[in-house]
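Peer 1: The following block contains the structure, expressed as structure tokens.
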2 protein chains.
Amino acid sequence: MSVRFPWVVFLIGAWLMTACSDVQVDAGANGGANAGSEPAAIERPRYALAIHGGSGVIERGSLDPETEAAYLRTLEEALAAGERVLEQEGTALDAVVAAIVVMEDSDLFNAGRGAVLTHEGTVELDASLMRGEDLDAGAVAGVGRVRNPILAARAVMEHSPHVLLAGTGADTFAAEQGLELEDNTWFRTERRRQQLERAIEQDQVRLDHDDDLGTVGAVALDVHGNLAAGTSTGGMTNKRWGRVGDSPIIGAGTYASNASCAVSATGHGEYFIRRTVAREVCALMEYAGLDVASAARQVVHDQLGPMGGSGGLIAVDHRGNVVLEMNTPGMYRASVRSGEDPIVAIFAR
Amino acid sequence: MSVRFPWVVFLIGAWLMTACSDVQVDAGANGGANAGSEPAAIERPRYALAIHGGSGVIERGSLDPETEAAYLRTLEEALAAGERVLEQEGTALDAVVAAIVVMEDSDLFNAGRGAVLTHEGTVELDASLMRGEDLDAGAVAGVGRVRNPILAARAVMEHSPHVLLAGTGADTFAAEQGLELEDNTWFRTERRRQQLERAIEQDQVRLDHDDDLGTVGAVALDVHGNLAAGTSTGGMTNKRWGRVGDSPIIGAGTYASNASCAVSATGHGEYFIRRTVAREVCALMEYAGLDVASAARQVVHDQLGPMGGSGGLIAVDHRGNVVLEMNTPGMYRASVRSGEDPIVAIFAR
């Protein structure tokens with residue numbers, strides 16, 4: 001046993017950390033650095049959209065068939081809501097918001113109603129949104145009343161001089177903007193109450209278990225050539241002390257620049273903040289000449305992996321190349337590009 | 001008048017936006033990209049330290065001599081507190097904290113006691129801290145009781161699994177860590193009460209006036225070759241809705257990586273978040289091969305300037321090159337390197 005056990009652990013670990021990425025690229029795409037001289041650039045899709053519903057230890061067989069079907073159906077609905085906007089020549093920003101609202105409204109995901117509970121049994125929600133053409137952005141952290149945090153993030157961007165509002169002040173702002181409010185109890189579900197009880201029993205405040213799965217996000221390229229990204233979450237089960245993760249942090253959970261790409265991340269947020277993950281993918285494209293798939297792989301596997309930062313991200317670049325990258329066994333995800341069939345997936349392999 | 005006025009505005013604007021930087025570099029330094037092959041690298045100072053006390057419209061003659069002397073004296077004290085740590089072969093992290101505590105404790109700066117007031121007349125403080133050797137980081141946003149927010153940021157880094165704590169939860173954590181607490185009224189000074197009254201009369205929540213000056217920060221390289229950065233602020237006078245600026249955001253107000261440099265920023269925080277300013281200086285060094293002075297200039301003048309993002313930053317790289325860069329008429333600042341005389345300055349020119 002003493003000889004075999006480490007090998008078993010090593011093999012499981014190696015399998016868990018194995019690269020997985022879904023990539024949809026132009027036939028001629030071979031790197032952002034050469035974009036200017038590439039004939040393939042004219043073949044870019046009219047629009048592209050990718051969404052995620054969280055990454056983590058989702059293994060084949062761990063979901064019962066009904067639950068798996070419900071996740072796939074909701075991902076399809078969210079993707080369709082975003083694609084409708086893009087088909088009708090709407091903006092990437094509108095598409096991202098439309099897709100995220102569907103996932104916030106579903107109690108399957110850790111965002112909006114059905115989000116995880118804090119140590120005190122309440123819901124504290126974070127969201128952010130960014131537009132690639134002018135780098136405008138908005139975010140809220142620790143809100144507990146606004147029904148759709150992504151709409152609050154949008155209101156901060158469009159109707160305040162600020163980027164980030166936190167706590168009850170952010171809820172007050174949302175109320176002044178006429179956004180729909182709910183009592184905090186409205187967000188709490190029985191499933192999350194049971195998860196909190198287990199977490200308190202085990203004294204856990206970790207993301208490396210099943211419970212916190214379900215941060216949601218979306219990235220889009222619209223027919224006008226503009227990019228946008230957004231992310232929404234309830235954070236960690238049993239979180240305390242007003243803990244804020246990467247989701248409401250522009251540069252960590254969300255970034256969009258027409259100069260490179262739009263990114264939404266999901267995972268163990270503390271590592272994603274320390275690595276400014278979303279901006280890092282863009283910076284690797286802008287300054288190191290990497291294509292979006294290589295940049296995403298470098299950040300997820302070479303930067304986050306060795307630190308122990310589990311998670312994934314989705315990205316779309318200014319030419320419609322899409323990447324969905326993770327170092328976990330699964331990520332709820334879906335993507336579509338104009339003229340192509342949608343992809344909906346859960347497991348890494 | 002209709003002909004001459006735009007010229008006057010243009011000339012004043014051009015003067016205001018003129019590049020100003022204090023740079024202390026190795027004699028042979030000519031770019032991080034070539035660092036590996038440079039003999040000058042062995043001439044690096046044993047340690048280096050830079051601090052700032054905020055940037056903005058500080059013009060020669062606008063400060064009475066006593067106030068100017070008080071600022072210079074406090075900057076000298078803060079610099080000396082940090083340098084003592086570095087001389088005694090302490091860590092860059094300890095030096096950064098020591099320098100910031102002096103400025104938080106002074107009521108001259110917009111950090112700790114004497115910070116600006118929110119719309120409600122309270123004090124809400126933000127701070128962050130990062131260590132270059134392992135990218136570990138801690139931050140607090142919207143705290144109102146912990147006497148030294150930079151110590152709370154350090155406690156988050158060292159004694160919690162998190163990076164960012166916000167609001168009353170962060171104060172609770174600080175209390176559990178045994179940090180010194182004060183009633184919120186302790187932080188409020190008569191000068192800030194008067195500034196708030198003026199701001200409310202004018203319905204202002206802007207950083208482009210004198211009142212919000214005084215975010216503080218420090219960056220250091222220690223004799224062990226490690227970098228660290230920290231930032232602390234009270235944000236904007238008359239701020240509402242739990243507004244959070246760039247200071248507590250790792251990547252925006254603060255970043256440190258031994259692979260490149262340590263950065264602390266000060267200015268109109270919303271722009272600094274959207275440009276992930278602190279991380280951007282590091283990314284330009286790591287991926288575009290710029291030296292620290294060129295990277296700082298590009299971010300402050302080419303990226304922030306055209307957006308209207310006024311402010312500045314201080315940085316020190318892994319070889320002890322120091323840069324203090326601003327696009328405003330002034331920045332309270334000081335720096336020192338082993339074996340060299342300290343520099344203490346306020347005005348850009």
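As shown in the structure tokens, the chain order sets the letters A, B, ...; within each chain, residues go from 1, and ligands are also counted from 1 in the order they appear.
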Write out as an NGL selection string each polymer residue whose atoms come within 10 Å of Met130 (chain A), counting only C-alpha atoms; drop sequence neighbours fewer than 3 positions from it.

Peer 2: (:A and (93 or 96 or 133-139 or 153-154 or 157 or 163 or 219 or 227-231 or 250-251 or 254-257 or 262-264)) or (:B and (274))

Peer 1: At a cut-off of 8 Å, using only C-alpha atoms, what residues contact Leu79 (chain A)? Leave out same-chain residues fewer than 5 positions from it and give the result as a short mmCIF file (atom, residue, chain, number, x, y, z; two decimals) with all heavy atoms, in the first residue's frame.

Peer 2:
data_model
loop_
_atom_site.label_atom_id
_atom_site.label_comp_id
_atom_site.auth_asym_id
_atom_site.auth_seq_id
_atom_site.Cartn_x
_atom_site.Cartn_y
_atom_site.Cartn_z
N LEU A 49 -20.35 33.59 -29.55
CA LEU A 49 -20.82 33.69 -28.17
C LEU A 49 -20.38 32.44 -27.41
O LEU A 49 -20.49 31.33 -27.93
CB LEU A 49 -22.36 33.78 -28.15
CG LEU A 49 -23.07 33.72 -26.80
CD1 LEU A 49 -22.78 34.96 -25.97
CD2 LEU A 49 -24.59 33.58 -27.01
N ALA A 50 -19.87 32.62 -26.21
CA ALA A 50 -19.57 31.48 -25.34
C ALA A 50 -20.08 31.79 -23.94
O ALA A 50 -20.08 32.95 -23.52
CB ALA A 50 -18.07 31.19 -25.30
N ILE A 51 -20.54 30.76 -23.25
CA ILE A 51 -21.01 30.93 -21.87
C ILE A 51 -20.44 29.82 -21.00
O ILE A 51 -20.05 28.77 -21.49
CB ILE A 51 -22.56 30.90 -21.78
CG1 ILE A 51 -23.10 29.52 -22.18
CG2 ILE A 51 -23.17 31.99 -22.65
CD1 ILE A 51 -24.60 29.34 -21.93
N ALA A 99 -27.69 36.33 -21.82
CA ALA A 99 -27.32 34.95 -21.47
C ALA A 99 -27.16 34.79 -19.96
O ALA A 99 -27.60 33.79 -19.38
CB ALA A 99 -26.01 34.58 -22.19
N ALA A 334 -21.00 26.30 -23.08
CA ALA A 334 -21.64 26.22 -24.39
C ALA A 334 -21.10 27.35 -25.24
O ALA A 334 -20.66 28.38 -24.74
CB ALA A 334 -23.16 26.35 -24.25
N SER A 335 -21.11 27.14 -26.56
CA SER A 335 -20.67 28.21 -27.46
C SER A 335 -21.31 28.05 -28.82
O SER A 335 -21.76 26.96 -29.19
CB SER A 335 -19.14 28.22 -27.59
OG SER A 335 -18.70 27.02 -28.21
N VAL A 336 -21.35 29.13 -29.54
CA VAL A 336 -21.90 29.10 -30.90
C VAL A 336 -21.28 30.23 -31.71
O VAL A 336 -20.92 31.27 -31.16
CB VAL A 336 -23.45 29.23 -30.86
CG1 VAL A 336 -23.88 30.62 -30.36
CG2 VAL A 336 -24.05 28.95 -32.23
#

Peer 1: Write out as a PyMOL selection string each polymer residue whose atoms come within 8 Å of Ser338 (chain A), counting only C-alpha atoms; drop sequence neighbours fewer than 5 positions from it.

Peer 2: chain A and resi 45-48+87

Peer 1: Just C-alpha atoms for this one: save the residues we selected as an mmCIF file, in the first residue's frame.

Peer 2:
data_model
loop_
_atom_site.group_PDB
_atom_site.id
_atom_site.type_symbol
_atom_site.label_atom_id
_atom_site.label_comp_id
_atom_site.auth_asym_id
_atom_site.auth_seq_id
_atom_site.Cartn_x
_atom_site.Cartn_y
_atom_site.Cartn_z
ATOM 1 C CA PRO A 45 -17.870 34.568 -38.250
ATOM 2 C CA ARG A 46 -20.413 37.401 -38.119
ATOM 3 C CA TYR A 47 -20.773 36.797 -34.406
ATOM 4 C CA ALA A 48 -19.586 34.433 -31.681
ATOM 5 C CA GLU A 87 -28.494 37.387 -34.857
#

Peer 1: I'd like a table as a Markdown table: residues in chain A with an atom no more than 7 Å from chain B, each row giving the shortest atom pair and its distance in Å to one decimal, only C-alpha atoms counted, sorted by chain and rising residue number.

Peer 2:
| residue | atom | partner | partner_atom | distance |
| --- | --- | --- | --- | --- |
| A:Leu135 | CA | B:Arg274 | CA | 6.2 |
| A:Asp136 | CA | B:Arg274 | CA | 6.9 |
| A:Ala137 | CA | B:Arg274 | CA | 6.7 |
| A:His162 | CA | B:Glu270 | CA | 6.0 |
| A:Val163 | CA | B:Glu270 | CA | 5.6 |
| A:Leu164 | CA | B:Val244 | CA | 5.4 |
| A:Leu165 | CA | B:Arg243 | CA | 4.4 |
| A:Ala166 | CA | B:Gly242 | CA | 4.8 |
| A:Gly167 | CA | B:Gly242 | CA | 6.3 |
| A:Gly169 | CA | B:Trp241 | CA | 3.6 |
| A:Ala170 | CA | B:Trp241 | CA | 5.1 |
| A:Thr172 | CA | B:Trp241 | CA | 6.6 |
| A:Phe173 | CA | B:Trp241 | CA | 5.9 |
| A:Arg240 | CA | B:Gly169 | CA | 6.9 |
| A:Trp241 | CA | B:Gly169 | CA | 3.6 |
| A:Gly242 | CA | B:Gly169 | CA | 4.6 |
| A:Arg243 | CA | B:Leu165 | CA | 4.4 |
| A:Val244 | CA | B:Leu164 | CA | 5.4 |
| A:Gly245 | CA | B:Leu164 | CA | 7.0 |
| A:Ile250 | CA | B:Ile273 | CA | 6.6 |
| A:Gly251 | CA | B:Thr276 | CA | 6.1 |
| A:Glu270 | CA | B:Val163 | CA | 5.6 |
| A:Ile273 | CA | B:Ile250 | CA | 6.6 |
| A:Arg274 | CA | B:Leu135 | CA | 6.2 |
| A:Thr276 | CA | B:Gly251 | CA | 6.1 |
| A:Ala283 | CA | B:Ala283 | CA | 6.8 |
| A:Leu284 | CA | B:Tyr287 | CA | 6.9 |
| A:Tyr287 | CA | B:Ala288 | CA | 5.1 |
| A:Ala288 | CA | B:Tyr287 | CA | 5.1 |

Peer 1: Determine which residues of region 54-252 of chain B DSSP labels as alpha helix (DSSP H) from the backbone of this structure, then write them out as a ChimeraX atom specification.

Peer 2: /B:65-87,92-105,149-159,167-176,190-202

Peer 1: State, in Å with one decimal place, the distance from CA of Leu125 (chain B) to CA of Thr233 (chain B).

Peer 2: 5.9 Å

Peer 1: Contacts of Glu190 (chain A) at 12 Å or less, counting only C-alpha atoms, minus same-chain residues fewer than 2 places along, as a list of chain:residue names?

Peer 2: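 In the requested form, the answer reads A:Asp107, A:Leu108, A:Arg113, A:Gly114, A:Ala115, A:Val116, A:Leu117, A:Gly121, A:Thr185, A:Trp186, A:Phe187, A:Arg188, A:Arg192, A:Arg193, A:Gln194, A:Gln195, A:Leu196, A:Glu197.
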
Peer 1: Please produce an output containing all heavy atoms for each residue in the selection, written as a compact mmCIF listing (two decimals), in the first residue's frame.

Peer 2:
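Dumped everything to again.txt:
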# COMPACT_ATOMS: atom_id res chain seq x y z
N ASP A 107 -32.16 28.24 -10.71
CA ASP A 107 -31.57 27.94 -9.40
C ASP A 107 -30.52 26.83 -9.47
O ASP A 107 -30.01 26.38 -8.46
CB ASP A 107 -32.64 27.62 -8.35
CG ASP A 107 -33.43 26.37 -8.70
OD1 ASP A 107 -33.05 25.69 -9.67
OD2 ASP A 107 -34.42 26.09 -8.01
N LEU A 108 -30.16 26.41 -10.69
CA LEU A 108 -29.12 25.40 -10.84
C LEU A 108 -27.73 25.98 -10.57
O LEU A 108 -26.83 25.28 -10.12
CB LEU A 108 -29.13 24.83 -12.27
CG LEU A 108 -30.32 23.96 -12.65
CD1 LEU A 108 -30.28 23.66 -14.14
CD2 LEU A 108 -30.32 22.67 -11.84
N ARG A 113 -30.75 33.78 -7.86
CA ARG A 113 -31.49 32.84 -7.01
C ARG A 113 -30.82 31.46 -7.06
O ARG A 113 -30.42 31.01 -8.12
CB ARG A 113 -32.94 32.73 -7.49
CG ARG A 113 -33.76 31.81 -6.60
CD ARG A 113 -35.26 32.02 -6.70
NE ARG A 113 -35.90 31.25 -5.64
CZ ARG A 113 -36.09 29.92 -5.71
NH1 ARG A 113 -35.75 29.25 -6.78
NH2 ARG A 113 -36.64 29.28 -4.69
N GLY A 114 -30.67 30.83 -5.89
CA GLY A 114 -30.01 29.53 -5.84
C GLY A 114 -28.52 29.62 -5.63
O GLY A 114 -27.81 28.61 -5.70
N ALA A 115 -28.03 30.82 -5.36
CA ALA A 115 -26.59 30.98 -5.08
C ALA A 115 -26.25 30.35 -3.74
O ALA A 115 -27.13 30.10 -2.91
CB ALA A 115 -26.21 32.46 -5.08
N VAL A 116 -24.96 30.14 -3.50
CA VAL A 116 -24.51 29.53 -2.24
C VAL A 116 -24.73 30.50 -1.08
O VAL A 116 -24.89 31.70 -1.27
CB VAL A 116 -23.03 29.11 -2.30
CG1 VAL A 116 -22.78 28.12 -3.42
CG2 VAL A 116 -22.12 30.33 -2.43
N LEU A 117 -24.72 29.95 0.13
CA LEU A 117 -24.98 30.74 1.33
C LEU A 117 -23.69 31.07 2.08
O LEU A 117 -22.75 30.27 2.10
CB LEU A 117 -25.93 29.98 2.26
CG LEU A 117 -27.28 29.57 1.65
CD1 LEU A 117 -28.15 28.92 2.72
CD2 LEU A 117 -28.00 30.75 1.02
N GLY A 121 -25.75 32.27 6.60
CA GLY A 121 -26.95 31.76 5.95
C GLY A 121 -27.60 32.73 4.98
O GLY A 121 -28.71 32.49 4.49
N THR A 185 -34.17 36.42 1.51
CA THR A 185 -34.64 35.03 1.65
C THR A 185 -35.09 34.44 0.31
O THR A 185 -35.05 33.23 0.13
CB THR A 185 -35.83 34.96 2.64
OG1 THR A 185 -36.83 35.89 2.20
CG2 THR A 185 -35.39 35.31 4.05
N TRP A 186 -35.51 35.29 -0.61
CA TRP A 186 -35.96 34.83 -1.93
C TRP A 186 -34.86 34.08 -2.68
O TRP A 186 -35.12 33.16 -3.46
CB TRP A 186 -36.42 36.04 -2.76
CG TRP A 186 -36.88 35.69 -4.15
CD1 TRP A 186 -38.12 35.26 -4.54
CD2 TRP A 186 -36.10 35.74 -5.37
NE1 TRP A 186 -38.16 35.04 -5.90
CE2 TRP A 186 -36.93 35.33 -6.42
CE3 TRP A 186 -34.78 36.09 -5.65
CZ2 TRP A 186 -36.50 35.27 -7.75
CZ3 TRP A 186 -34.33 36.03 -6.97
CH2 TRP A 186 -35.19 35.62 -8.00
N PHE A 187 -33.59 34.47 -2.43
CA PHE A 187 -32.47 33.87 -3.16
C PHE A 187 -32.09 32.49 -2.62
O PHE A 187 -31.40 31.73 -3.27
CB PHE A 187 -31.23 34.77 -3.06
CG PHE A 187 -31.39 36.10 -3.74
CD1 PHE A 187 -31.79 37.22 -3.03
CD2 PHE A 187 -31.15 36.23 -5.10
CE1 PHE A 187 -31.94 38.45 -3.66
CE2 PHE A 187 -31.29 37.45 -5.74
CZ PHE A 187 -31.69 38.57 -5.01
N ARG A 188 -32.54 32.18 -1.37
CA ARG A 188 -32.04 30.99 -0.66
C ARG A 188 -32.86 29.75 -1.01
O ARG A 188 -34.08 29.78 -0.92
CB ARG A 188 -32.09 31.23 0.85
CG ARG A 188 -31.35 32.50 1.27
CD ARG A 188 -31.53 32.76 2.76
NE ARG A 188 -31.19 34.15 3.08
CZ ARG A 188 -31.48 34.74 4.23
NH1 ARG A 188 -32.13 34.08 5.19
NH2 ARG A 188 -31.13 35.99 4.44
N ARG A 192 -29.09 24.68 -1.08
CA ARG A 192 -27.95 25.47 -0.58
C ARG A 192 -27.90 25.45 0.95
O ARG A 192 -26.82 25.51 1.55
CB ARG A 192 -28.02 26.90 -1.10
CG ARG A 192 -27.95 27.03 -2.61
CD ARG A 192 -26.69 26.40 -3.20
NE ARG A 192 -26.54 26.72 -4.62
CZ ARG A 192 -25.59 26.23 -5.40
NH1 ARG A 192 -24.71 25.36 -4.94
NH2 ARG A 192 -25.51 26.58 -6.67
N ARG A 193 -29.09 25.40 1.60
CA ARG A 193 -29.12 25.32 3.06
C ARG A 193 -28.45 24.03 3.53
O ARG A 193 -27.68 24.02 4.50
CB ARG A 193 -30.57 25.38 3.58
CG ARG A 193 -30.96 26.76 4.10
CD ARG A 193 -32.34 26.75 4.74
NE ARG A 193 -33.40 26.63 3.74
CZ ARG A 193 -34.04 27.67 3.19
NH1 ARG A 193 -33.76 28.90 3.57
NH2 ARG A 193 -34.97 27.50 2.28
N GLN A 194 -28.73 22.95 2.81
CA GLN A 194 -28.11 21.67 3.18
C GLN A 194 -26.60 21.70 2.95
O GLN A 194 -25.83 21.18 3.76
CB GLN A 194 -28.76 20.53 2.38
CG GLN A 194 -30.20 20.27 2.79
CD GLN A 194 -30.91 19.29 1.87
OE1 GLN A 194 -30.28 18.69 1.00
NE2 GLN A 194 -32.22 19.15 2.03
N GLN A 195 -26.19 22.32 1.84
CA GLN A 195 -24.76 22.44 1.56
C GLN A 195 -24.05 23.23 2.65
O GLN A 195 -22.94 22.89 3.08
CB GLN A 195 -24.52 23.12 0.21
CG GLN A 195 -24.80 22.21 -0.98
CD GLN A 195 -24.56 22.91 -2.31
OE1 GLN A 195 -24.36 24.13 -2.36
NE2 GLN A 195 -24.60 22.15 -3.39
N LEU A 196 -24.70 24.31 3.11
CA LEU A 196 -24.10 25.14 4.16
C LEU A 196 -23.95 24.33 5.45
O LEU A 196 -22.91 24.38 6.11
CB LEU A 196 -24.94 26.40 4.40
CG LEU A 196 -24.44 27.28 5.56
CD1 LEU A 196 -23.04 27.82 5.28
CD2 LEU A 196 -25.41 28.45 5.80
N GLU A 197 -25.00 23.59 5.80
CA GLU A 197 -24.94 22.75 7.01
C GLU A 197 -23.76 21.80 6.96
O GLU A 197 -22.99 21.68 7.92
CB GLU A 197 -26.23 21.94 7.18
CG GLU A 197 -27.28 22.65 8.00
CD GLU A 197 -28.57 21.85 8.06
OE1 GLU A 197 -28.51 20.60 8.14
OE2 GLU A 197 -29.65 22.49 8.03

Peer 1: Using backbone DSSP assignments, extract all strand (DSSP E or B) residues from region 73-310 of chain A; output them as a VMD selection string.

Peer 2: chain A and resid 125 to 131 137 to 143 146 164 to 166 181 216 to 221 227 to 233 243 to 244 250 254 to 256 261 to 267

Peer 1: Just how far from CA of Arg297 (chain A) is CA of Ala78 (chain A), in Å to one decimal?

Peer 2: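 If I compute the distance from CA of Ala78 (chain A) to CA of Arg297 (chain A), I get 25.3 Å.
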
Peer 1: Give me, as a ChimeraX atom specification, all polymer residues having an atom no more than 12 Å from Gly330 (chain B), counting only C-alpha atoms and skipping those fewer than 4 positions away in the same chain.

Peer 2: /B:15-22,52-63,210,213-214,266-267,310-313,324-326,345-349

Peer 1: Take the selection from the previous step and output its residues with C-alpha atoms, as an mmCIF file, in the first residue's frame.

Peer 2:
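So the final result, stored in out.cif, reads:
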data_model
loop_
_atom_site.group_PDB
_atom_site.id
_atom_site.type_symbol
_atom_site.label_atom_id
_atom_site.label_comp_id
_atom_site.auth_asym_id
_atom_site.auth_seq_id
_atom_site.Cartn_x
_atom_site.Cartn_y
_atom_site.Cartn_z
ATOM 1 C CA TRP B 15 1.018 71.727 -19.442
ATOM 2 C CA LEU B 16 -1.132 69.721 -17.041
ATOM 3 C CA MET B 17 -0.733 66.532 -19.053
ATOM 4 C CA THR B 18 2.999 66.960 -19.630
ATOM 5 C CA ALA B 19 5.097 63.987 -18.740
ATOM 6 C CA CYS B 20 6.808 64.146 -15.399
ATOM 7 C CA SER B 21 8.866 61.385 -13.958
ATOM 8 C CA ASP B 22 11.613 60.997 -11.433
ATOM 9 C CA HIS B 52 3.657 58.320 -2.585
ATOM 10 C CA GLY B 53 1.039 60.355 -0.769
ATOM 11 C CA GLY B 54 -1.321 60.945 -3.683
ATOM 12 C CA SER B 55 -1.297 62.808 -6.989
ATOM 13 C CA GLY B 56 -3.432 65.656 -8.292
ATOM 14 C CA VAL B 57 -3.716 69.370 -8.801
ATOM 15 C CA ILE B 58 -0.992 70.354 -6.340
ATOM 16 C CA GLU B 59 0.547 73.497 -7.766
ATOM 17 C CA ARG B 60 3.532 75.480 -6.650
ATOM 18 C CA GLY B 61 2.212 78.285 -4.447
ATOM 19 C CA SER B 62 -1.070 76.526 -3.685
ATOM 20 C CA LEU B 63 0.302 75.142 -0.411
ATOM 21 C CA ASP B 210 -8.025 69.109 -4.533
ATOM 22 C CA LEU B 213 -5.614 64.045 -2.689
ATOM 23 C CA GLY B 214 -3.654 61.782 -0.507
ATOM 24 C CA THR B 266 -2.894 56.824 -7.126
ATOM 25 C CA GLY B 267 -5.440 58.762 -9.105
ATOM 26 C CA SER B 310 -5.460 61.558 -14.101
ATOM 27 C CA GLY B 311 -2.984 60.266 -11.565
ATOM 28 C CA GLY B 312 0.354 58.639 -11.147
ATOM 29 C CA LEU B 313 2.216 55.617 -9.898
ATOM 30 C CA LEU B 324 7.725 57.948 -9.930
ATOM 31 C CA GLU B 325 5.464 58.891 -12.835
ATOM 32 C CA MET B 326 2.431 61.217 -13.037
ATOM 33 C CA ALA B 345 9.270 66.023 -3.890
ATOM 34 C CA ILE B 346 5.767 67.381 -4.406
ATOM 35 C CA PHE B 347 5.494 69.260 -7.703
ATOM 36 C CA ALA B 348 5.878 67.776 -11.165
ATOM 37 C CA ARG B 349 8.198 70.616 -12.190
#

Peer 1: Between B:His119, B:Asp183, B:Ala278, B:Arg131, single out the one closest to Ile200 (chain B), counting only C-alpha atoms.

Peer 2: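 Counting only C-alpha atoms, the residue closest to Ile200 (chain B) is B:His119.
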
Peer 1: Taking only C-alpha atoms into account, name the residue in A:Ser128, A:Thr67, A:Thr122, A:Thr328 that is nearest to Val97 (chain A).

Peer 2: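 Among A:Ser128, A:Thr67, A:Thr122, A:Thr328, it is A:Ser128 that comes nearest to Val97 (chain A).
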
Peer 1: How many Å lie between CA of Val223 (chain B) and CA of Gly132 (chain B), rounded to one decimal?

Peer 2: 13.5 Å

Peer 1: Within 8 Å of Val102 (chain A), counting only C-alpha atoms, which residues qualify if same-chain residues fewer than 2 places away don't, as a PyMOL selection string?

Peer 2: chain A and resi 74+77-78+81+98-100+104-106
